[in-house]
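Shown next, in structure tokens, is the structure this report addresses.
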2 protein chains.
Amino acid sequence: MSAEKVTIADVARTAGVSKGLVSFALNNRPGVGAETRVRILQVAQDLGWKPSLRARSLSTQRSFALGLVIARNPEVLASDPFFPSFIAGVESILAAERRALVLSVVPDEETELQTYRSLVADGRVDGVFLSDLRHNDARIPLLTELGLPAVTLGRPDGDSPFPAVTVDDTPGVTASVRYLAELGHRRIAHVAGSPNLLHGTRRREAFAAAMAAAGLPEGQTVETDFSVGAGSDATRQLLGQAIRPTAIVYANDPMAIAGLGVAHELGIRVPEDLSITGFDDIDFCRYVFPPLTTVSAAPAVWGRAAATTLLQLMEHGHADDVDLPAARLIIRGSAAPPLRP
Amino acid sequence: MSAEKVTIADVARTAGVSKGLVSFALNNRPGVGAETRVRILQVAQDLGWKPSLRARSLSTQRSFALGLVIARNPEVLASDPFFPSFIAGVESILAAERRALVLSVVPDEETELQTYRSLVADGRVDGVFLSDLRHNDARIPLLTELGLPAVTLGRPDGDSPFPAVTVDDTPGVTASVRYLAELGHRRIAHVAGSPNLLHGTRRREAFAAAMAAAGLPEGQTVETDFSVGAGSDATRQLLGQAIRPTAIVYANDPMAIAGLGVAHELGIRVPEDLSITGFDDIDFCRYVFPPLTTVSAAPAVWGRAAATTLLQLMEHGHADDVDLPAARLIIRGSAAPPLRP
DNA sequence: ATAGTTGGCTAAACCGGTTCAGTTGGCGGT
DNA sequence: ACCGCCAACTGAACCGGTTTAGCCAACTAT
């Protein structure tokens, strides 16, 4: 019941050795007699000694924490459940390692870079996750310069010294288009994500390629910022035309759900008059009507893999790229053959 | 360009004073000559000295970080944008204070308590936010015992030594019921949240009270865990009866949106055959069809207020309760007068 | 003139670990 | 019997701040 803090000095005294040796024993390093090591560890356990994270931080210059900086506009962040799931995955790994996650949510890219700088300056984290990769991402040179280990979620477009943990999303888009094409659709449109984001353009390119591969005319594409509101606007624009697409492939689920709302509002039936597909397989998909055909991305698994990779990089100074199972099409009820007019 | 770290010793030497005095000057404490203080601060600035957070942590036994532990089942967490917005609000305050947010997402309440213990044992945080209050919440005595400052999001039911930052949600529920009653509804049902959560039962009680106040018969209530799936099931149950409610008040928006899906599926028109209201005003509300009448809660504002209060508590040892503007009804298109059969 | 205060400052201990140069003792080799 | 070597271990410095005891000079009070 001794509420007093027990320090390494107490352990050393009780075990009749020096502080240094206790430290060696704890970090099981060579130079400690087998028997002595056992005795030290036993004493440490008896005394209930937990080495002080703060003291350790000061002398090792490490923080035993990982960082995640999120720069998204509030609306997109709020409607996209990617991060909660991703973080849950990350935590499931970190908890066992006695490491913590430091989270920053910032309003813009300028602040984002500043945040990385101060995380490093304050020594808050030993490594970071890089999400929402952008073209020619400024964070990569910055982190290289700062010497902070990182893992990228997806493969960046330029050179990168960091391991990439990737879920290939192009097969999902390709499968969506092929599925719609096989149902008989020819006028398929795409509501694309932000062109600044790598996965925004990648999905867009996959869409174009899949259309060509299916022998279809180039599909109409509308750019958005991935927000629900933008998805709604884009849909309204597409459906307001004299000759409408018979199917729309959305770059994420929130926009697809907004699209569903617009179709309902305009009296356009889904899937009879219009087929739609989403991307991400958020929980809502199963429960809107009709249930949304979409592409599954497993963010929690991604989080686990990213955390594991980042830890490995930090421990061993090197980690291999990881390719997770590609996103795959989940067929539900929001797509059907087009009506012959 | 000197990449070398500059320490307090460098500043002291350059300014021709002792380390201790530099420390005093920095934390502007008495005992430093006015002129000397200016000189020290000037030298510090010239040298670009940033005091080491780690060293400071060790000697002051503080971490300059705040904690948030979230224990929610993954499905609820993913579909509810409360936390992303709340966190964004918290960050907007912390960033200016050079403090960080340590986030933990845990699978169950057992792990949750364990997480608080280890956050304290490791000295990771100086204070925490308590969200999703439960009845007789075990976290309150635990944190009291651990001596960790905290702020509760909402007023707990038992005794609590911690300041509460509250958004009263009962007026929102009351307004919803009254609005529906004024439209002419008499059979109003409630899809309630988890009875373990304070706001779950509070909204439920507010519903019952509002029904009574409107002179209506007791409304049917179905309990859920706040998840989209449970909202869907509850709706199916309510609408599968011979005598159906003509309106449903949902305890959160995701469930209301799921309810909308079920109604569509069953061919029940909203709002002609069924009126529904949600709670939280998530972005989706505006973009589903019909747009969801709901109650707005402003989580980002809540986050700012909670962070401010927690910081004040930690600095001054005391902070007053804060009552934010009550949640209010946002009227959109998902409610209308009932049809006379 | 003398004792008592007080403001400004220094030196050193301290927080609790890690690390490294150096000491000791036991063992094998010749 | 002597040397060399290595494994085991100690002592002290170190990480970079904060804090306390105490010193000195100047100023007040009697």
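Please note that chains go A, B, ... in the order of the structure tokens, that every chain numbers its residues from 1, and that ligands are numbered from 1 in the order shown.
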
Tell me, counting only C-alpha atoms, for each residue of chain B within 6 Å of chain A, which pair of atoms is nearest and how far apart they are in Å to one decimal, in rows ordered by chain and increasing number, as JSON lines.
```
{"residue": "B:Leu53", "atom": "CA", "partner": "A:Asp122", "partner_atom": "CA", "distance": 5.6}
{"residue": "B:Arg54", "atom": "CA", "partner": "A:Leu58", "partner_atom": "CA", "distance": 5.3}
{"residue": "B:Ala55", "atom": "CA", "partner": "A:Leu58", "partner_atom": "CA", "distance": 5.8}
{"residue": "B:Leu58", "atom": "CA", "partner": "A:Arg54", "partner_atom": "CA", "distance": 5.3}
{"residue": "B:Ala78", "atom": "CA", "partner": "A:Pro81", "partner_atom": "CA", "distance": 4.7}
{"residue": "B:Pro81", "atom": "CA", "partner": "A:Ala78", "partner_atom": "CA", "distance": 4.7}
{"residue": "B:Pro84", "atom": "CA", "partner": "A:Ala78", "partner_atom": "CA", "distance": 5.7}
{"residue": "B:Ala88", "atom": "CA", "partner": "A:Val105", "partner_atom": "CA", "distance": 5.5}
{"residue": "B:Leu101", "atom": "CA", "partner": "A:Val102", "partner_atom": "CA", "distance": 5.7}
{"residue": "B:Val102", "atom": "CA", "partner": "A:Val102", "partner_atom": "CA", "distance": 4.5}
{"residue": "B:Leu103", "atom": "CA", "partner": "A:Leu101", "partner_atom": "CA", "distance": 5.7}
{"residue": "B:Val105", "atom": "CA", "partner": "A:Ala88", "partner_atom": "CA", "distance": 5.5}
{"residue": "B:Asp122", "atom": "CA", "partner": "A:Leu53", "partner_atom": "CA", "distance": 5.6}
{"residue": "B:Ala258", "atom": "CA", "partner": "A:Tyr287", "partner_atom": "CA", "distance": 5.2}
{"residue": "B:Gly261", "atom": "CA", "partner": "A:Val288", "partner_atom": "CA", "distance": 4.4}
{"residue": "B:Tyr287", "atom": "CA", "partner": "A:Ala258", "partner_atom": "CA", "distance": 5.2}
{"residue": "B:Val288", "atom": "CA", "partner": "A:Gly261", "partner_atom": "CA", "distance": 4.4}
{"residue": "B:Phe289", "atom": "CA", "partner": "A:Gly261", "partner_atom": "CA", "distance": 4.5}
```

Go ahead and write the selection's residues with N, CA, C and O atoms as a short mmCIF file (atom, residue, chain, number, x, y, z; two decimals), in the first residue's frame.
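As a result, part.cif now contains:
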```
data_model
loop_
_atom_site.label_atom_id
_atom_site.label_comp_id
_atom_site.auth_asym_id
_atom_site.auth_seq_id
_atom_site.Cartn_x
_atom_site.Cartn_y
_atom_site.Cartn_z
N LEU B 53 10.68 20.51 -23.44
CA LEU B 53 9.46 20.02 -22.81
C LEU B 53 9.77 18.82 -21.93
O LEU B 53 9.20 18.64 -20.86
N ARG B 54 10.69 18.00 -22.39
CA ARG B 54 10.99 16.77 -21.65
C ARG B 54 11.63 17.07 -20.31
O ARG B 54 11.28 16.48 -19.29
N ALA B 55 12.59 17.98 -20.34
CA ALA B 55 13.28 18.31 -19.09
C ALA B 55 12.28 18.96 -18.13
O ALA B 55 12.25 18.64 -16.94
N LEU B 58 10.07 16.39 -16.55
CA LEU B 58 10.71 15.62 -15.49
C LEU B 58 10.74 16.41 -14.19
O LEU B 58 10.40 15.90 -13.13
N ALA B 78 -18.00 5.05 -35.41
CA ALA B 78 -17.76 5.36 -36.81
C ALA B 78 -18.86 6.23 -37.41
O ALA B 78 -18.59 7.09 -38.24
N PRO B 81 -20.42 11.63 -35.87
CA PRO B 81 -19.37 12.63 -36.07
C PRO B 81 -19.14 13.52 -34.85
O PRO B 81 -18.46 14.52 -34.95
N PRO B 84 -15.02 13.78 -33.91
CA PRO B 84 -14.18 14.59 -34.79
C PRO B 84 -14.42 16.09 -34.58
O PRO B 84 -13.48 16.86 -34.47
N ALA B 88 -11.86 18.77 -32.87
CA ALA B 88 -11.43 19.95 -33.60
C ALA B 88 -11.58 21.19 -32.72
O ALA B 88 -10.71 22.06 -32.70
N LEU B 101 -2.96 16.79 -27.34
CA LEU B 101 -4.08 15.93 -26.98
C LEU B 101 -3.68 14.47 -27.18
O LEU B 101 -3.25 14.08 -28.26
N VAL B 102 -3.80 13.69 -26.13
CA VAL B 102 -3.52 12.26 -26.23
C VAL B 102 -4.85 11.54 -26.33
O VAL B 102 -5.71 11.69 -25.46
N LEU B 103 -5.00 10.79 -27.39
CA LEU B 103 -6.28 10.13 -27.63
C LEU B 103 -6.18 8.63 -27.46
O LEU B 103 -5.24 8.00 -27.94
N VAL B 105 -8.64 5.17 -27.96
CA VAL B 105 -9.91 4.55 -28.32
C VAL B 105 -9.86 3.13 -27.81
O VAL B 105 -8.97 2.37 -28.19
N ASP B 122 1.93 6.65 -16.18
CA ASP B 122 2.98 7.09 -17.08
C ASP B 122 3.09 8.62 -17.12
O ASP B 122 3.95 9.16 -17.80
N ALA B 258 -31.21 5.92 -40.63
CA ALA B 258 -31.52 4.51 -40.85
C ALA B 258 -33.03 4.30 -40.90
O ALA B 258 -33.54 3.53 -41.71
N GLY B 261 -34.43 5.12 -44.14
CA GLY B 261 -34.20 4.03 -45.08
C GLY B 261 -35.24 2.94 -44.95
O GLY B 261 -35.78 2.44 -45.94
N TYR B 287 -28.79 16.59 -46.37
CA TYR B 287 -28.67 16.03 -47.72
C TYR B 287 -29.40 14.73 -47.97
O TYR B 287 -29.35 14.20 -49.06
N VAL B 288 -30.02 14.18 -46.95
CA VAL B 288 -30.86 13.02 -47.22
C VAL B 288 -32.20 13.56 -47.71
O VAL B 288 -32.44 14.76 -47.68
N PHE B 289 -33.05 12.66 -48.19
CA PHE B 289 -34.36 13.13 -48.63
C PHE B 289 -35.46 12.40 -47.92
O PHE B 289 -35.47 11.18 -47.90
#
```

Write out as number ranges by chain all residues of range 3-249 of chain B that DSSP puts in helix (DSSP H, G or I) for this structure's backbone.
-> B: 8-15, 19-26, 34-47, 53-60, 74-79, 82-97, 109-121, 139-146, 170-183, 198-213, 228-239

Of the listed residues B:Glu182, B:Arg37, B:Asn28, B:Thr60, that which approaches DC14 in chain C most closely, counting only C-alpha atoms (C1' of nucleotides) = B:Thr60

For chain C, report every residue with an atom at most 6 Å from chain A (counting only C-alpha atoms (C1' of nucleotides)), formatted as JSON, numbers by chain.
-> {"C": [16, 17, 18]}

Show which residues sit within 9 Å of range 147-152 of chain A, as a PyMOL selection string. Count only C-alpha atoms (C1' of nucleotides), and ignore same-chain residues fewer than 3 positions away.
-> chain A and resi 120+125-133+140+142-144+155-156+160-166+306-307+309-310+313-314+317

Preceding selection exported with N, CA, C and O atoms as a short mmCIF file (atom, residue, chain, number, x, y, z; two decimals), in the first residue's frame:
```cif
data_model
loop_
_atom_site.label_atom_id
_atom_site.label_comp_id
_atom_site.auth_asym_id
_atom_site.auth_seq_id
_atom_site.Cartn_x
_atom_site.Cartn_y
_atom_site.Cartn_z
N VAL A 120 7.83 17.99 -33.34
CA VAL A 120 9.23 17.60 -33.30
C VAL A 120 10.01 18.47 -32.32
O VAL A 120 10.78 17.97 -31.49
N VAL A 125 6.51 13.33 -30.21
CA VAL A 125 6.30 12.03 -30.86
C VAL A 125 7.59 11.49 -31.45
O VAL A 125 8.51 12.24 -31.74
N ASP A 126 7.61 10.17 -31.62
CA ASP A 126 8.79 9.53 -32.20
C ASP A 126 8.56 9.16 -33.66
O ASP A 126 9.47 8.69 -34.35
N GLY A 127 7.32 9.33 -34.10
CA GLY A 127 7.01 8.97 -35.48
C GLY A 127 5.57 9.38 -35.77
O GLY A 127 4.80 9.63 -34.86
N VAL A 128 5.27 9.48 -37.05
CA VAL A 128 3.92 9.93 -37.41
C VAL A 128 3.33 9.14 -38.58
O VAL A 128 4.05 8.51 -39.36
N PHE A 129 2.01 9.22 -38.64
CA PHE A 129 1.28 8.64 -39.77
C PHE A 129 0.96 9.74 -40.76
O PHE A 129 0.52 10.82 -40.34
N LEU A 130 1.16 9.47 -42.01
CA LEU A 130 0.84 10.45 -43.04
C LEU A 130 -0.37 9.99 -43.83
O LEU A 130 -0.27 9.07 -44.64
N SER A 131 -1.48 10.66 -43.61
CA SER A 131 -2.68 10.25 -44.32
C SER A 131 -3.08 11.32 -45.32
O SER A 131 -2.51 12.40 -45.35
N ASP A 132 -4.08 11.01 -46.11
CA ASP A 132 -4.56 11.97 -47.10
C ASP A 132 -3.42 12.54 -47.93
O ASP A 132 -3.25 13.77 -48.02
N LEU A 133 -2.64 11.68 -48.51
CA LEU A 133 -1.49 12.12 -49.31
C LEU A 133 -1.93 13.04 -50.45
O LEU A 133 -2.95 12.81 -51.08
N ILE A 140 6.42 15.28 -46.95
CA ILE A 140 7.50 14.29 -47.07
C ILE A 140 8.88 14.92 -46.97
O ILE A 140 9.68 14.49 -46.14
N LEU A 142 9.50 17.74 -45.62
CA LEU A 142 9.57 18.34 -44.29
C LEU A 142 9.98 17.31 -43.24
O LEU A 142 10.90 17.54 -42.44
N LEU A 143 9.31 16.18 -43.27
CA LEU A 143 9.61 15.16 -42.26
C LEU A 143 11.00 14.57 -42.47
O LEU A 143 11.69 14.22 -41.51
N THR A 144 11.40 14.50 -43.72
CA THR A 144 12.76 14.04 -43.99
C THR A 144 13.76 14.98 -43.37
O THR A 144 14.70 14.57 -42.68
N ARG A 155 0.82 4.87 -51.37
CA ARG A 155 2.12 5.19 -51.96
C ARG A 155 2.09 6.61 -52.49
O ARG A 155 1.20 6.97 -53.25
N PRO A 156 3.05 7.42 -52.07
CA PRO A 156 3.09 8.79 -52.57
C PRO A 156 3.51 8.83 -54.04
O PRO A 156 3.99 7.82 -54.56
N SER A 160 9.97 8.90 -51.85
CA SER A 160 9.69 8.94 -50.42
C SER A 160 10.59 7.96 -49.70
O SER A 160 10.76 6.83 -50.14
N PRO A 161 11.21 8.41 -48.61
CA PRO A 161 12.07 7.52 -47.86
C PRO A 161 11.27 6.66 -46.88
O PRO A 161 11.85 5.85 -46.15
N PHE A 162 9.97 6.85 -46.84
CA PHE A 162 9.17 6.19 -45.81
C PHE A 162 8.44 4.95 -46.33
O PHE A 162 8.04 4.92 -47.48
N PRO A 163 8.28 3.97 -45.47
CA PRO A 163 7.50 2.81 -45.89
C PRO A 163 6.05 3.20 -46.15
O PRO A 163 5.52 4.10 -45.47
N ALA A 164 5.44 2.56 -47.12
CA ALA A 164 4.05 2.84 -47.45
C ALA A 164 3.19 1.65 -47.07
O ALA A 164 3.56 0.50 -47.33
N VAL A 165 2.08 1.93 -46.42
CA VAL A 165 1.12 0.88 -46.12
C VAL A 165 -0.10 1.18 -46.98
O VAL A 165 -0.74 2.22 -46.82
N THR A 166 -0.36 0.27 -47.88
CA THR A 166 -1.29 0.58 -48.96
C THR A 166 -2.48 -0.36 -49.06
O THR A 166 -2.33 -1.56 -48.90
N ALA A 306 -0.53 -0.07 -40.24
CA ALA A 306 0.28 1.15 -40.25
C ALA A 306 1.04 1.29 -38.93
O ALA A 306 2.23 1.62 -38.91
N ALA A 307 0.37 1.00 -37.83
CA ALA A 307 1.01 1.11 -36.53
C ALA A 307 2.15 0.10 -36.42
O ALA A 307 3.25 0.43 -35.97
N THR A 309 3.88 -1.25 -38.76
CA THR A 309 4.98 -0.85 -39.64
C THR A 309 5.77 0.31 -39.05
O THR A 309 7.00 0.30 -39.07
N LEU A 310 5.06 1.27 -38.51
CA LEU A 310 5.75 2.43 -37.95
C LEU A 310 6.61 2.02 -36.76
O LEU A 310 7.77 2.46 -36.62
N LEU A 313 9.68 0.31 -38.05
CA LEU A 313 10.61 1.30 -38.60
C LEU A 313 11.41 1.97 -37.49
O LEU A 313 12.63 2.15 -37.58
N MET A 314 10.72 2.30 -36.42
CA MET A 314 11.38 3.00 -35.33
C MET A 314 12.35 2.11 -34.56
O MET A 314 13.41 2.56 -34.11
N GLY A 317 14.90 0.68 -37.69
CA GLY A 317 15.42 1.63 -38.67
C GLY A 317 15.01 1.29 -40.09
O GLY A 317 15.37 1.97 -41.03
#
```

Determine, counting only C-alpha atoms (C1' of nucleotides), which protein, DNA and RNA residues have an atom within 12 Å of an atom of DG29 in chain C; residues of the same chain fewer than 6 positions away are not included. Present the result as a list in words.
-> DC2, DC3, DG4 and DC5 of chain D

Write out, as a tab-separated table, each residue of chain D that has an atom at most 7 Å from chain A, together with the closest pair of atoms and their distance in Å to one decimal, counting only C-alpha atoms (C1' of nucleotides), rows going by chain and rising number.
```
residue	atom	partner	partner_atom	distance
D:DA7	C1'	A:Gly31	CA	6.7
D:DA8	C1'	A:Val32	CA	6.2
D:DT10	C1'	A:Ser18	CA	6.4
D:DC15	C1'	A:Ser59	CA	4.6
```

Resulting file, chosen residues, N, CA, C and O atoms (P, O5', C5', C4', C3', O3' and C1' of nucleotides), as a PDB file, in the first residue's frame:
```pdb
ATOM      1  P    DA D   7      33.082 -11.383 -22.410  1.00  0.00           P
ATOM      2  O5'  DA D   7      32.103 -11.982 -21.307  1.00  0.00           O
ATOM      3  C5'  DA D   7      32.519 -13.066 -20.481  1.00  0.00           C
ATOM      4  C4'  DA D   7      32.088 -12.795 -19.046  1.00  0.00           C
ATOM      5  C3'  DA D   7      30.749 -12.075 -18.917  1.00  0.00           C
ATOM      6  O3'  DA D   7      30.013 -12.682 -17.875  1.00  0.00           O
ATOM      7  C1'  DA D   7      32.441 -10.824 -17.819  1.00  0.00           C
ATOM      8  P    DA D   8      28.630 -12.137 -17.397  1.00  0.00           P
ATOM      9  O5'  DA D   8      29.023 -11.218 -16.171  1.00  0.00           O
ATOM     10  C5'  DA D   8      29.544 -11.824 -14.994  1.00  0.00           C
ATOM     11  C4'  DA D   8      29.701 -10.765 -13.929  1.00  0.00           C
ATOM     12  C3'  DA D   8      28.428  -9.934 -13.673  1.00  0.00           C
ATOM     13  O3'  DA D   8      28.190  -9.929 -12.279  1.00  0.00           O
ATOM     14  C1'  DA D   8      30.286  -8.518 -14.059  1.00  0.00           C
ATOM     15  P    DT D  10      27.266  -3.419  -8.382  1.00  0.00           P
ATOM     16  O5'  DT D  10      28.307  -2.238  -8.495  1.00  0.00           O
ATOM     17  C5'  DT D  10      29.582  -2.362  -7.861  1.00  0.00           C
ATOM     18  C4'  DT D  10      30.365  -1.083  -8.046  1.00  0.00           C
ATOM     19  C3'  DT D  10      29.625   0.185  -7.600  1.00  0.00           C
ATOM     20  O3'  DT D  10      30.530   0.959  -6.817  1.00  0.00           O
ATOM     21  C1'  DT D  10      30.341   0.399  -9.859  1.00  0.00           C
ATOM     22  P    DC D  15      24.609  16.507 -21.505  1.00  0.00           P
ATOM     23  O5'  DC D  15      23.085  16.294 -21.843  1.00  0.00           O
ATOM     24  C5'  DC D  15      22.575  15.118 -22.452  1.00  0.00           C
ATOM     25  C4'  DC D  15      21.119  14.999 -22.105  1.00  0.00           C
ATOM     26  C3'  DC D  15      20.455  16.347 -21.837  1.00  0.00           C
ATOM     27  O3'  DC D  15      19.844  16.816 -23.027  1.00  0.00           O
ATOM     28  C1'  DC D  15      19.808  14.668 -20.224  1.00  0.00           C
TER      29       DC D  15
END
```

Distance query range 171-178 of chain B at most 9 Å, only C-alpha atoms (C1' of nucleotides), self and fewer than 5 positions along chain excluded, as a PDB file with N, CA, C and O atoms, in the first residue's frame:
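So the final result, stored in out_20.pdb, reads:
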```
ATOM      1  N   LEU B 183     -48.294  19.752 -34.904  1.00  0.00           N
ATOM      2  CA  LEU B 183     -48.645  19.357 -36.272  1.00  0.00           C
ATOM      3  C   LEU B 183     -49.868  18.435 -36.268  1.00  0.00           C
ATOM      4  O   LEU B 183     -50.469  18.182 -37.304  1.00  0.00           O
ATOM      5  N   ILE B 188     -46.827   9.220 -31.111  1.00  0.00           N
ATOM      6  CA  ILE B 188     -45.421   9.525 -31.357  1.00  0.00           C
ATOM      7  C   ILE B 188     -44.560   8.513 -30.621  1.00  0.00           C
ATOM      8  O   ILE B 188     -44.781   8.258 -29.429  1.00  0.00           O
ATOM      9  N   ARG B 203     -32.672  11.929 -22.533  1.00  0.00           N
ATOM     10  CA  ARG B 203     -33.517  12.249 -23.692  1.00  0.00           C
ATOM     11  C   ARG B 203     -34.820  11.451 -23.616  1.00  0.00           C
ATOM     12  O   ARG B 203     -35.888  11.929 -23.976  1.00  0.00           O
ATOM     13  N   ARG B 204     -34.695  10.242 -23.127  1.00  0.00           N
ATOM     14  CA  ARG B 204     -35.875   9.403 -23.011  1.00  0.00           C
ATOM     15  C   ARG B 204     -36.861  10.003 -22.022  1.00  0.00           C
ATOM     16  O   ARG B 204     -38.066  10.052 -22.266  1.00  0.00           O
ATOM     17  N   ALA B 206     -37.006  13.120 -21.117  1.00  0.00           N
ATOM     18  CA  ALA B 206     -37.517  14.365 -21.681  1.00  0.00           C
ATOM     19  C   ALA B 206     -38.659  14.060 -22.653  1.00  0.00           C
ATOM     20  O   ALA B 206     -39.660  14.773 -22.709  1.00  0.00           O
ATOM     21  N   PHE B 207     -38.486  12.982 -23.387  1.00  0.00           N
ATOM     22  CA  PHE B 207     -39.538  12.588 -24.326  1.00  0.00           C
ATOM     23  C   PHE B 207     -40.843  12.291 -23.589  1.00  0.00           C
ATOM     24  O   PHE B 207     -41.900  12.809 -23.926  1.00  0.00           O
ATOM     25  N   ALA B 209     -41.767  13.181 -20.617  1.00  0.00           N
ATOM     26  CA  ALA B 209     -42.313  14.381 -19.982  1.00  0.00           C
ATOM     27  C   ALA B 209     -43.012  15.271 -21.002  1.00  0.00           C
ATOM     28  O   ALA B 209     -44.096  15.811 -20.743  1.00  0.00           O
ATOM     29  N   ALA B 210     -42.402  15.412 -22.173  1.00  0.00           N
ATOM     30  CA  ALA B 210     -42.980  16.274 -23.198  1.00  0.00           C
ATOM     31  C   ALA B 210     -44.294  15.707 -23.713  1.00  0.00           C
ATOM     32  O   ALA B 210     -45.235  16.452 -24.007  1.00  0.00           O
ATOM     33  N   MET B 211     -44.359  14.389 -23.808  1.00  0.00           N
ATOM     34  CA  MET B 211     -45.613  13.757 -24.248  1.00  0.00           C
ATOM     35  C   MET B 211     -46.728  14.071 -23.248  1.00  0.00           C
ATOM     36  O   MET B 211     -47.834  14.450 -23.629  1.00  0.00           O
ATOM     37  N   ALA B 213     -46.800  16.521 -21.128  1.00  0.00           N
ATOM     38  CA  ALA B 213     -47.089  17.954 -21.158  1.00  0.00           C
ATOM     39  C   ALA B 213     -48.003  18.319 -22.322  1.00  0.00           C
ATOM     40  O   ALA B 213     -48.801  19.250 -22.243  1.00  0.00           O
ATOM     41  N   ALA B 214     -47.892  17.563 -23.404  1.00  0.00           N
ATOM     42  CA  ALA B 214     -48.717  17.856 -24.576  1.00  0.00           C
ATOM     43  C   ALA B 214     -50.082  17.179 -24.461  1.00  0.00           C
ATOM     44  O   ALA B 214     -50.899  17.256 -25.377  1.00  0.00           O
ATOM     45  N   VAL B 249     -39.453  10.049 -32.867  1.00  0.00           N
ATOM     46  CA  VAL B 249     -38.381  10.925 -32.404  1.00  0.00           C
ATOM     47  C   VAL B 249     -37.162  10.047 -32.129  1.00  0.00           C
ATOM     48  O   VAL B 249     -37.226   9.157 -31.281  1.00  0.00           O
ATOM     49  N   ALA B 251     -33.163   9.388 -30.998  1.00  0.00           N
ATOM     50  CA  ALA B 251     -32.215   9.962 -30.036  1.00  0.00           C
ATOM     51  C   ALA B 251     -30.913  10.420 -30.677  1.00  0.00           C
ATOM     52  O   ALA B 251     -30.118  11.108 -30.045  1.00  0.00           O
ATOM     53  N   THR B 277     -37.863  12.882 -36.563  1.00  0.00           N
ATOM     54  CA  THR B 277     -36.898  13.902 -36.150  1.00  0.00           C
ATOM     55  C   THR B 277     -35.666  13.202 -35.594  1.00  0.00           C
ATOM     56  O   THR B 277     -35.755  12.109 -35.048  1.00  0.00           O
ATOM     57  N   GLY B 278     -34.556  13.864 -35.755  1.00  0.00           N
ATOM     58  CA  GLY B 278     -33.291  13.284 -35.278  1.00  0.00           C
ATOM     59  C   GLY B 278     -32.712  14.096 -34.134  1.00  0.00           C
ATOM     60  O   GLY B 278     -33.412  14.878 -33.483  1.00  0.00           O
ATOM     61  N   PHE B 279     -31.426  13.884 -33.902  1.00  0.00           N
ATOM     62  CA  PHE B 279     -30.754  14.636 -32.848  1.00  0.00           C
ATOM     63  C   PHE B 279     -29.267  14.716 -33.146  1.00  0.00           C
ATOM     64  O   PHE B 279     -28.621  13.668 -33.331  1.00  0.00           O
ATOM     65  N   THR B 293     -35.373  16.967 -40.087  1.00  0.00           N
ATOM     66  CA  THR B 293     -35.627  17.884 -38.980  1.00  0.00           C
ATOM     67  C   THR B 293     -34.923  17.306 -37.761  1.00  0.00           C
ATOM     68  O   THR B 293     -35.079  16.124 -37.447  1.00  0.00           O
ATOM     69  N   THR B 294     -34.131  18.123 -37.105  1.00  0.00           N
ATOM     70  CA  THR B 294     -33.303  17.565 -36.046  1.00  0.00           C
ATOM     71  C   THR B 294     -32.977  18.612 -35.001  1.00  0.00           C
ATOM     72  O   THR B 294     -33.489  19.737 -35.045  1.00  0.00           O
ATOM     73  N   VAL B 295     -32.109  18.254 -34.069  1.00  0.00           N
ATOM     74  CA  VAL B 295     -31.751  19.152 -32.980  1.00  0.00           C
ATOM     75  C   VAL B 295     -30.247  19.397 -33.036  1.00  0.00           C
ATOM     76  O   VAL B 295     -29.468  18.454 -33.130  1.00  0.00           O
ATOM     77  N   SER B 296     -29.884  20.652 -32.988  1.00  0.00           N
ATOM     78  CA  SER B 296     -28.479  21.005 -33.166  1.00  0.00           C
ATOM     79  C   SER B 296     -27.725  21.074 -31.843  1.00  0.00           C
ATOM     80  O   SER B 296     -28.207  21.611 -30.854  1.00  0.00           O
ATOM     81  N   ALA B 297     -26.497  20.535 -31.812  1.00  0.00           N
ATOM     82  CA  ALA B 297     -25.777  20.459 -30.537  1.00  0.00           C
ATOM     83  C   ALA B 297     -24.407  21.130 -30.513  1.00  0.00           C
ATOM     84  O   ALA B 297     -23.813  21.256 -29.460  1.00  0.00           O
ATOM     85  N   ALA B 326     -28.584  25.870 -25.052  1.00  0.00           N
ATOM     86  CA  ALA B 326     -29.271  24.588 -25.163  1.00  0.00           C
ATOM     87  C   ALA B 326     -29.453  24.185 -26.625  1.00  0.00           C
ATOM     88  O   ALA B 326     -29.507  25.030 -27.515  1.00  0.00           O
ATOM     89  N   ALA B 327     -29.512  22.886 -26.826  1.00  0.00           N
ATOM     90  CA  ALA B 327     -29.757  22.367 -28.166  1.00  0.00           C
ATOM     91  C   ALA B 327     -31.110  22.878 -28.658  1.00  0.00           C
ATOM     92  O   ALA B 327     -32.059  22.962 -27.894  1.00  0.00           O
ATOM     93  N   ARG B 328     -31.182  23.226 -29.944  1.00  0.00           N
ATOM     94  CA  ARG B 328     -32.459  23.753 -30.433  1.00  0.00           C
ATOM     95  C   ARG B 328     -32.906  23.049 -31.718  1.00  0.00           C
ATOM     96  O   ARG B 328     -32.097  22.506 -32.474  1.00  0.00           O
ATOM     97  N   LEU B 329     -34.190  23.098 -31.925  1.00  0.00           N
ATOM     98  CA  LEU B 329     -34.781  22.380 -33.048  1.00  0.00           C
ATOM     99  C   LEU B 329     -34.480  23.055 -34.377  1.00  0.00           C
ATOM    100  O   LEU B 329     -34.628  24.268 -34.519  1.00  0.00           O
TER     101      LEU B 329
END
```
